[in-house]
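Dropping query-v1.tsv in here (TSV, C-alpha atoms):
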```tsv
chain	number	residue	atom	x	y	z
A	1	MET	CA	-3.77	-19.97	41.65
A	2	SER	CA	-5.43	-22.48	39.33
A	3	ALA	CA	-4.28	-22.60	35.75
A	4	PRO	CA	-6.87	-21.45	33.23
A	5	VAL	CA	-8.79	-23.81	30.97
A	6	ALA	CA	-9.27	-22.69	27.36
A	7	VAL	CA	-12.23	-23.78	25.27
A	8	SER	CA	-11.62	-22.86	21.65
A	9	ASN	CA	-13.60	-23.01	18.45
A	10	THR	CA	-16.98	-23.09	20.18
A	11	PRO	CA	-19.38	-22.81	17.21
A	12	TRP	CA	-20.93	-19.38	16.70
A	13	SER	CA	-22.11	-17.53	13.63
A	14	TYR	CA	-23.08	-14.00	12.79
A	15	ARG	CA	-25.45	-13.23	9.92
A	16	GLY	CA	-25.11	-16.86	8.93
A	17	HIS	CA	-21.31	-16.73	8.66
A	18	SER	CA	-18.98	-18.76	10.86
A	19	VAL	CA	-16.95	-16.85	13.44
A	20	HIS	CA	-13.89	-18.26	15.16
A	21	CYS	CA	-13.95	-17.52	18.87
A	22	LEU	CA	-12.51	-18.86	22.08
A	23	ARG	CA	-13.11	-18.65	25.79
A	24	SER	CA	-10.69	-19.13	28.67
A	25	GLU	CA	-11.36	-18.89	32.38
A	26	PRO	CA	-10.06	-20.07	35.78
A	27	ASN	CA	-10.46	-23.71	36.72
A	28	THR	CA	-13.42	-24.70	38.84
A	29	ASP	CA	-12.38	-24.66	42.50
A	30	GLU	CA	-12.89	-27.48	45.00
A	31	GLN	CA	-16.23	-26.06	46.13
A	32	GLY	CA	-17.51	-26.06	42.58
A	33	GLY	CA	-17.27	-22.30	42.08
A	34	SER	CA	-15.77	-20.81	38.98
A	35	GLY	CA	-13.30	-18.56	40.77
A	36	ILE	CA	-14.24	-15.76	38.35
A	37	ASN	CA	-14.28	-12.21	39.66
A	38	GLY	CA	-15.65	-9.13	38.00
A	39	PRO	CA	-16.79	-8.71	34.40
A	40	ALA	CA	-15.97	-10.81	31.37
A	41	LEU	CA	-13.28	-9.59	28.96
A	42	LEU	CA	-13.58	-9.63	25.17
A	43	LEU	CA	-10.38	-9.14	23.16
A	44	VAL	CA	-10.64	-7.75	19.62
A	45	HIS	CA	-7.65	-7.92	17.27
A	46	GLY	CA	-6.43	-5.40	14.71
A	47	PHE	CA	-6.17	-5.38	10.91
A	48	GLY	CA	-4.68	-8.57	9.47
A	49	ALA	CA	-4.46	-10.20	12.89
A	50	SER	CA	-6.63	-12.70	14.78
A	51	THR	CA	-7.20	-14.26	18.19
A	52	ASP	CA	-3.62	-15.53	17.91
A	53	HIS	CA	-2.34	-12.00	18.50
A	54	TRP	CA	-3.52	-12.26	22.13
A	55	ARG	CA	-1.27	-15.28	22.73
A	56	HIS	CA	0.62	-13.60	25.60
A	57	ASN	CA	-2.46	-12.02	27.19
A	58	ILE	CA	-5.14	-14.69	27.38
A	59	PRO	CA	-3.18	-17.13	29.62
A	60	VAL	CA	-2.51	-14.37	32.16
A	61	LEU	CA	-5.85	-12.54	32.11
A	62	SER	CA	-7.87	-15.75	32.28
A	63	GLN	CA	-6.29	-16.72	35.59
A	64	GLN	CA	-8.66	-14.17	37.16
A	65	TYR	CA	-11.31	-13.37	34.56
A	66	GLU	CA	-13.54	-15.04	32.01
A	67	VAL	CA	-11.78	-14.07	28.77
A	68	HIS	CA	-13.22	-14.23	25.28
A	69	ALA	CA	-11.60	-13.45	21.93
A	70	LEU	CA	-12.98	-13.60	18.41
A	71	ASP	CA	-11.84	-13.21	14.83
A	72	LEU	CA	-13.70	-10.40	13.12
A	73	LEU	CA	-15.43	-11.42	9.91
A	74	GLY	CA	-12.89	-11.17	7.11
A	75	PHE	CA	-9.94	-12.04	9.35
A	76	GLY	CA	-8.28	-15.01	11.00
A	77	LYS	CA	-10.28	-18.23	10.93
A	78	SER	CA	-13.63	-16.46	10.54
A	79	ALA	CA	-15.53	-16.48	7.26
A	80	LYS	CA	-14.61	-13.99	4.55
A	81	PRO	CA	-17.77	-13.77	2.42
A	82	SER	CA	-17.51	-11.53	-0.63
A	83	GLU	CA	-20.98	-10.02	-0.27
A	84	LEU	CA	-20.37	-8.25	3.04
A	85	ALA	CA	-19.68	-4.53	3.32
A	86	TYR	CA	-16.56	-4.65	5.46
A	87	GLY	CA	-16.15	-1.70	7.78
A	88	GLY	CA	-16.74	-0.27	11.22
A	89	ALA	CA	-20.49	-0.87	11.27
A	90	LEU	CA	-20.16	-4.58	10.47
A	91	TRP	CA	-17.53	-5.24	13.13
A	92	ARG	CA	-19.32	-3.10	15.72
A	93	ASP	CA	-22.50	-5.11	15.22
A	94	GLN	CA	-20.60	-8.41	15.30
A	95	VAL	CA	-19.00	-7.54	18.65
A	96	VAL	CA	-22.32	-6.34	20.07
A	97	ALA	CA	-24.04	-9.55	18.99
A	98	TYR	CA	-21.30	-11.68	20.54
A	99	VAL	CA	-21.61	-9.95	23.90
A	100	LYS	CA	-25.40	-10.30	23.88
A	101	GLU	CA	-25.59	-13.86	22.57
A	102	ARG	CA	-22.52	-15.57	23.98
A	103	ILE	CA	-21.28	-13.68	27.03
A	104	GLN	CA	-24.63	-12.40	28.32
A	105	ARG	CA	-23.22	-10.32	31.15
A	106	PRO	CA	-21.28	-7.07	31.64
A	107	THR	CA	-18.13	-7.14	29.52
A	108	VAL	CA	-14.95	-5.10	29.23
A	109	LEU	CA	-14.11	-4.65	25.55
A	110	VAL	CA	-10.38	-4.59	24.77
A	111	GLY	CA	-9.23	-3.71	21.25
A	112	ASN	CA	-6.06	-2.95	19.31
A	113	SER	CA	-5.90	-0.78	16.20
A	114	LEU	CA	-8.92	-1.54	13.99
A	115	GLY	CA	-10.19	-3.76	16.81
A	116	GLY	CA	-9.93	-0.77	19.14
A	117	TYR	CA	-12.37	1.09	16.93
A	118	ALA	CA	-14.72	-1.90	16.94
A	119	ALA	CA	-14.47	-2.17	20.73
A	120	LEU	CA	-15.24	1.52	21.24
A	121	ALA	CA	-18.13	1.48	18.78
A	122	ALA	CA	-19.59	-1.63	20.41
A	123	GLY	CA	-19.06	-0.24	23.90
A	124	SER	CA	-20.89	2.94	22.96
A	125	ASN	CA	-23.76	0.82	21.64
A	126	LEU	CA	-24.04	-1.69	24.47
A	127	GLY	CA	-24.96	0.70	27.27
A	128	GLU	CA	-24.86	-0.98	30.69
A	129	ALA	CA	-23.69	-4.26	29.15
A	130	ALA	CA	-20.32	-2.57	28.54
A	131	ALA	CA	-18.42	-2.71	31.83
A	132	GLY	CA	-15.47	-0.86	30.34
A	133	VAL	CA	-13.49	-0.18	27.17
A	134	VAL	CA	-9.72	-0.53	26.77
A	135	LEU	CA	-8.08	0.90	23.67
A	136	LEU	CA	-4.56	-0.01	22.55
A	137	ASN	CA	-3.46	2.39	19.79
A	138	ALA	CA	-6.99	2.42	18.45
A	139	ALA	CA	-7.74	3.25	14.82
A	140	GLY	CA	-10.41	5.69	13.77
A	141	TYR	CA	-10.77	9.33	12.89
A	142	PHE	CA	-12.13	12.46	14.54
A	143	SER	CA	-14.54	14.70	12.69
A	144	ASP	CA	-11.88	17.28	11.87
A	145	GLU	CA	-9.48	14.54	10.69
A	146	LYS	CA	-12.05	13.29	8.19
A	147	ARG	CA	-12.12	16.69	6.57
A	148	SER	CA	-8.33	16.88	6.45
A	149	LYS	CA	-7.90	13.23	5.36
A	150	LYS	CA	-5.55	12.37	8.21
A	151	SER	CA	-7.25	9.17	9.25
A	152	PHE	CA	-5.32	6.11	10.39
A	153	LEU	CA	-6.26	4.05	7.33
A	154	SER	CA	-5.19	6.87	5.02
A	155	LYS	CA	-1.74	6.74	6.61
A	156	ILE	CA	-1.52	2.97	6.20
A	157	SER	CA	-2.61	3.37	2.57
A	158	GLN	CA	0.32	5.70	2.04
A	159	PHE	CA	2.53	3.15	3.82
A	160	VAL	CA	1.61	0.27	1.47
A	161	GLY	CA	1.55	2.34	-1.72
A	162	GLY	CA	-0.37	5.12	-3.39
A	163	GLY	CA	-1.59	2.90	-6.24
A	164	LEU	CA	-3.56	0.77	-3.81
A	165	LEU	CA	-6.79	2.74	-4.19
A	166	LYS	CA	-6.65	3.19	-7.97
A	167	ASP	CA	-5.83	0.21	-10.13
A	168	PRO	CA	-7.22	-3.32	-9.47
A	169	LEU	CA	-4.10	-4.97	-10.88
A	170	VAL	CA	-1.86	-2.87	-8.65
A	171	GLN	CA	-4.10	-3.69	-5.70
A	172	ARG	CA	-3.66	-7.40	-6.39
A	173	LEU	CA	0.09	-7.11	-6.77
A	174	ILE	CA	0.39	-5.19	-3.51
A	175	PHE	CA	-1.78	-7.75	-1.74
A	176	GLU	CA	0.33	-10.64	-3.05
A	177	ASN	CA	3.47	-8.91	-1.85
A	178	LEU	CA	2.08	-8.00	1.56
A	179	ARG	CA	1.17	-11.60	2.37
A	180	GLN	CA	4.67	-12.95	1.67
A	181	PRO	CA	6.38	-14.10	4.90
A	182	ALA	CA	9.36	-11.81	4.34
A	183	THR	CA	7.10	-8.78	3.85
A	184	ILE	CA	5.01	-9.63	6.90
A	185	ARG	CA	8.14	-9.93	9.02
A	186	ARG	CA	9.58	-6.69	7.66
A	187	THR	CA	6.34	-4.82	8.37
A	188	LEU	CA	6.14	-6.20	11.90
A	189	ASN	CA	9.75	-5.21	12.51
A	190	GLN	CA	8.78	-1.66	11.56
A	191	VAL	CA	5.79	-1.43	13.91
A	192	TYR	CA	7.38	-3.25	16.88
A	193	ILE	CA	10.07	-1.31	18.71
A	194	ASP	CA	11.27	-4.43	20.56
A	195	THR	CA	11.18	-7.13	17.87
A	196	ARG	CA	11.86	-10.17	20.04
A	197	ASN	CA	8.24	-11.32	19.73
A	198	VAL	CA	8.27	-11.02	15.93
A	199	ASP	CA	8.67	-14.75	15.53
A	200	ASP	CA	7.69	-17.46	13.05
A	201	GLU	CA	4.48	-18.15	14.98
A	202	LEU	CA	3.29	-14.57	14.58
A	203	VAL	CA	4.26	-14.35	10.91
A	204	GLU	CA	2.37	-17.56	10.14
A	205	ALA	CA	-0.68	-16.44	12.12
A	206	ILE	CA	-0.93	-13.42	9.81
A	207	ARG	CA	0.04	-15.18	6.57
A	208	LYS	CA	-2.25	-18.21	6.73
A	209	PRO	CA	-5.62	-16.37	6.81
A	210	SER	CA	-4.50	-14.23	3.86
A	211	LEU	CA	-4.55	-17.39	1.72
A	212	ASP	CA	-8.28	-17.91	2.30
A	213	PRO	CA	-10.76	-17.19	-0.50
A	214	GLY	CA	-12.20	-13.74	0.09
A	215	ALA	CA	-9.14	-12.33	1.85
A	216	PHE	CA	-8.35	-10.02	-1.08
A	217	LYS	CA	-11.88	-8.57	-1.02
A	218	VAL	CA	-11.46	-7.72	2.65
A	219	PHE	CA	-8.11	-6.08	1.94
A	220	ARG	CA	-9.60	-3.94	-0.84
A	221	SER	CA	-12.67	-2.99	1.19
A	222	VAL	CA	-10.76	-1.80	4.24
A	223	PHE	CA	-8.49	0.48	2.22
A	224	ASP	CA	-11.08	1.76	-0.23
A	225	THR	CA	-11.85	5.36	0.76
A	226	ARG	CA	-15.17	5.06	-1.06
A	227	GLY	CA	-16.20	2.18	1.14
A	228	PRO	CA	-18.28	2.25	4.33
A	229	GLN	CA	-16.88	4.26	7.22
A	230	GLY	CA	-17.90	4.17	10.85
A	231	GLN	CA	-18.77	7.05	13.13
A	232	PRO	CA	-16.07	9.56	14.09
A	233	LEU	CA	-14.35	8.84	17.40
A	234	ASP	CA	-15.62	12.05	18.99
A	235	GLU	CA	-19.23	10.93	18.40
A	236	LEU	CA	-18.52	7.52	19.91
A	237	PHE	CA	-16.85	9.06	22.97
A	238	SER	CA	-19.89	11.28	23.52
A	239	GLN	CA	-22.11	8.17	23.60
A	240	LEU	CA	-19.83	6.05	25.81
A	241	LYS	CA	-21.03	5.51	29.39
A	242	ALA	CA	-18.49	2.88	30.44
A	243	PRO	CA	-15.07	3.53	32.06
A	244	LEU	CA	-12.26	3.97	29.57
A	245	LEU	CA	-8.57	3.00	29.68
A	246	LEU	CA	-6.14	4.15	27.00
A	247	LEU	CA	-2.95	2.12	26.57
A	248	TRP	CA	-0.51	3.83	24.22
A	249	GLY	CA	2.52	2.42	22.46
A	250	GLN	CA	4.09	5.86	22.19
A	251	LYS	CA	6.51	4.97	19.36
A	252	ASP	CA	3.84	3.78	16.94
A	253	PRO	CA	5.07	4.57	13.39
A	254	TRP	CA	1.54	4.27	11.96
A	255	MET	CA	0.10	7.11	13.97
A	256	ASN	CA	1.32	10.21	15.70
A	257	ALA	CA	0.76	8.90	19.21
A	258	GLU	CA	1.39	12.25	20.88
A	259	GLY	CA	-1.03	14.09	18.61
A	260	LYS	CA	-3.57	11.30	18.77
A	261	ARG	CA	-3.38	11.20	22.57
A	262	ALA	CA	-4.24	14.88	22.74
A	263	SER	CA	-7.31	14.36	20.56
A	264	PHE	CA	-8.40	11.29	22.52
A	265	LEU	CA	-8.10	13.05	25.87
A	266	ARG	CA	-9.92	16.11	24.57
A	267	HIS	CA	-12.97	14.04	23.64
A	268	ALA	CA	-12.82	11.09	26.05
A	269	PRO	CA	-14.89	10.93	29.26
A	270	VAL	CA	-13.52	12.90	32.20
A	271	ALA	CA	-12.53	9.86	34.28
A	272	THR	CA	-10.49	8.28	31.47
A	273	GLN	CA	-7.18	6.78	32.54
A	274	GLU	CA	-4.15	6.31	30.32
A	275	VAL	CA	-0.87	4.41	30.46
A	276	ILE	CA	2.07	5.27	28.22
A	277	LEU	CA	4.23	2.36	27.05
A	278	ASP	CA	7.61	2.25	25.34
A	279	ALA	CA	6.28	0.25	22.42
A	280	GLY	CA	4.94	0.45	18.88
A	281	HIS	CA	1.55	-0.21	17.31
A	282	CYS	CA	0.80	-3.56	19.02
A	283	PRO	CA	1.85	-3.15	22.67
A	284	HIS	CA	-0.20	-6.15	23.86
A	285	ASP	CA	2.10	-8.49	21.92
A	286	GLU	CA	5.30	-6.44	22.08
A	287	VAL	CA	5.28	-5.70	25.83
A	288	PRO	CA	2.58	-8.09	27.07
A	289	ASP	CA	3.76	-8.13	30.69
A	290	GLN	CA	3.32	-4.38	30.94
A	291	VAL	CA	-0.06	-4.43	29.21
A	292	ASN	CA	-1.36	-7.31	31.33
A	293	ALA	CA	-0.25	-5.61	34.54
A	294	ALA	CA	-1.77	-2.25	33.56
A	295	LEU	CA	-5.06	-3.86	32.54
A	296	LEU	CA	-5.33	-5.97	35.70
A	297	ASP	CA	-4.53	-2.98	37.92
A	298	TRP	CA	-7.22	-0.93	36.18
A	299	LEU	CA	-9.79	-3.72	36.48
A	300	LYS	CA	-9.14	-4.03	40.21
A	301	SER	CA	-9.29	-0.28	40.84
A	302	ASP	CA	-12.30	0.53	38.72
```
With the file now loaded, output its structure as structure tokens.
Amino acid sequence: MSAPVAVSNTPWSYRGHSVHCLRSEPNTDEQGGSGINGPALLLVHGFGASTDHWRHNIPVLSQQYEVHALDLLGFGKSAKPSELAYGGALWRDQVVAYVKERIQRPTVLVGNSLGGYAALAAGSNLGEAAAGVVLLNAAGYFSDEKRSKKSFLSKISQFVGGGLLKDPLVQRLIFENLRQPATIRRTLNQVYIDTRNVDDELVEAIRKPSLDPGAFKVFRSVFDTRGPQGQPLDELFSQLKAPLLLLWGQKDPWMNAEGKRASFLRHAPVATQEVILDAGHCPHDEVPDQVNAALLDWLKSD
């Protein structure tokens, strides 16, 4: 099989702000065909991450499919403008615009954590342009969770410190601590069950964007309970027409995977498939071989 060719940093902007994105696909064959089968794939990272977090997935998936990945506004190498209202609606609309403007054909949306929410919200919005949605330990809340304040971001807020939502000085101090390499590594070691892939490359990929102007504003916006919130997951599931695959790292310390699975399956479309993995919050980077195999099998069978 031909090795994939990656084209990175192709210029694109959303609402006038630069967005880092990349595309990788099979080599052109001898007859001049692309060798691409099926839909395009768009990979959407989680909180604090970037396209770099798909480092073990893109080379494998793009041997058979046209694969795209982008940095959500506020993260990675994308712009971090202070005037934006960071939240589910912004990232949903950014993903929708990318599919319509850059991919321009049916696309499977694959997202982890916060990126899982963006992928589901975009998939519910795109209609027939969404060929499928794949969620890896997706963030978000159900209507009943909003009332009981058990949302994913509330749990992370407790994880990083109760003062986060109250005092600006405390917020800044927490942010400065969280972007230290030692803190990043310690946090990753807590959310990865198998820590072999918690390496210097991953730590730097998370640390470097946090040094950009505007990164603190994004941090504050995401964890501010008074800030913009997206639709509940149950509403998004009711609007979703595309096939759905749930990939669960069942030992995720940031969410009760067993309880969350029950809620997801209760509201998800009838034909939803799920795969349980012995991993933490980021299974695509922790156990990439298993995730790649499960995703490719699902794409072939769907």
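Going from CA of Gly76 in chain A to CA of Pro106 in chain A covers 25.7 Å.
Distance cut-off 12 Å, centre (-7.6, -12.4, -3.1), atoms counted all atoms listed in the file; the residues meeting this are A:Gly74, A:Lys80, A:Pro81, A:Ser82, A:Pro168, A:Leu169, A:Gln171, A:Arg172, A:Leu173, A:Ile174, A:Phe175, A:Glu176, A:Asn177, A:Leu178, A:Arg179, A:Pro209, A:Ser210, A:Leu211, A:Asp212, A:Pro213, A:Gly214, A:Ala215, A:Phe216, A:Lys217, A:Val218, A:Phe219, A:Arg220, A:Ser221.
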TODO: Fewer than 6 positions away in the same chain doesn't count, so skip those; otherwise give me all residues within 8 Å of range 242-254 of chain A, counting all atoms listed in the file, as number ranges by chain.
DONE: A: 123-124, 127-128, 130-137, 152, 155-156, 190-193, 268-269, 271-283, 291, 298, 302
Open item on the list: Give me the residues near range 90-95 of chain A as a PyMOL selection string, where near means some atom within 10 Å (using all atoms listed in the file) and where sequence neighbours in that chain fewer than 2 positions away do not count.
Closed with: chain A and resi 13-15+19+42-44+70-74+84-88+97-101+109+114-115+117-126+228-230
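Distances to His20 in chain A were evaluated for A:His56, A:Arg207, A:His68, A:Arg105 using only C-alpha atoms, and the minimum falls at A:His68.
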- [ ] Could you jot down the CA of Gly16 in chain A to CA of Thr51 in chain A separation for me, Å, one decimal place?
- [x] 20.3 Å
- [ ] Just give me the gap between CA of Leu295 in chain A and CA of Gly38 in chain A in Å, one decimal is fine.
- [x]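 For CA of Leu295 in chain A relative to CA of Gly38 in chain A, the distance reads 13.0 Å.
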Open item on the list: Here is a test: counting only C-alpha atoms, which residue of A:Asn256, A:Ser238, A:Gln63, A:Asn57 is nearest to Asp285 in chain A?
Closed with: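 That would be A:Asn57, the residue with the smallest distance to Asp285 in chain A.
Of the listed residues A:Cys21, A:Ala262, A:Ala49, A:Ala293, the one whose atoms come nearest to Asn112 in chain A is A:Ala49, with distances taken using all atoms listed in the file.
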Task: Nearest to His267 in chain A, chosen from A:Leu22, A:Phe142, A:Lys208, A:Thr195, with only C-alpha atoms counted in the distances - done: A:Phe142
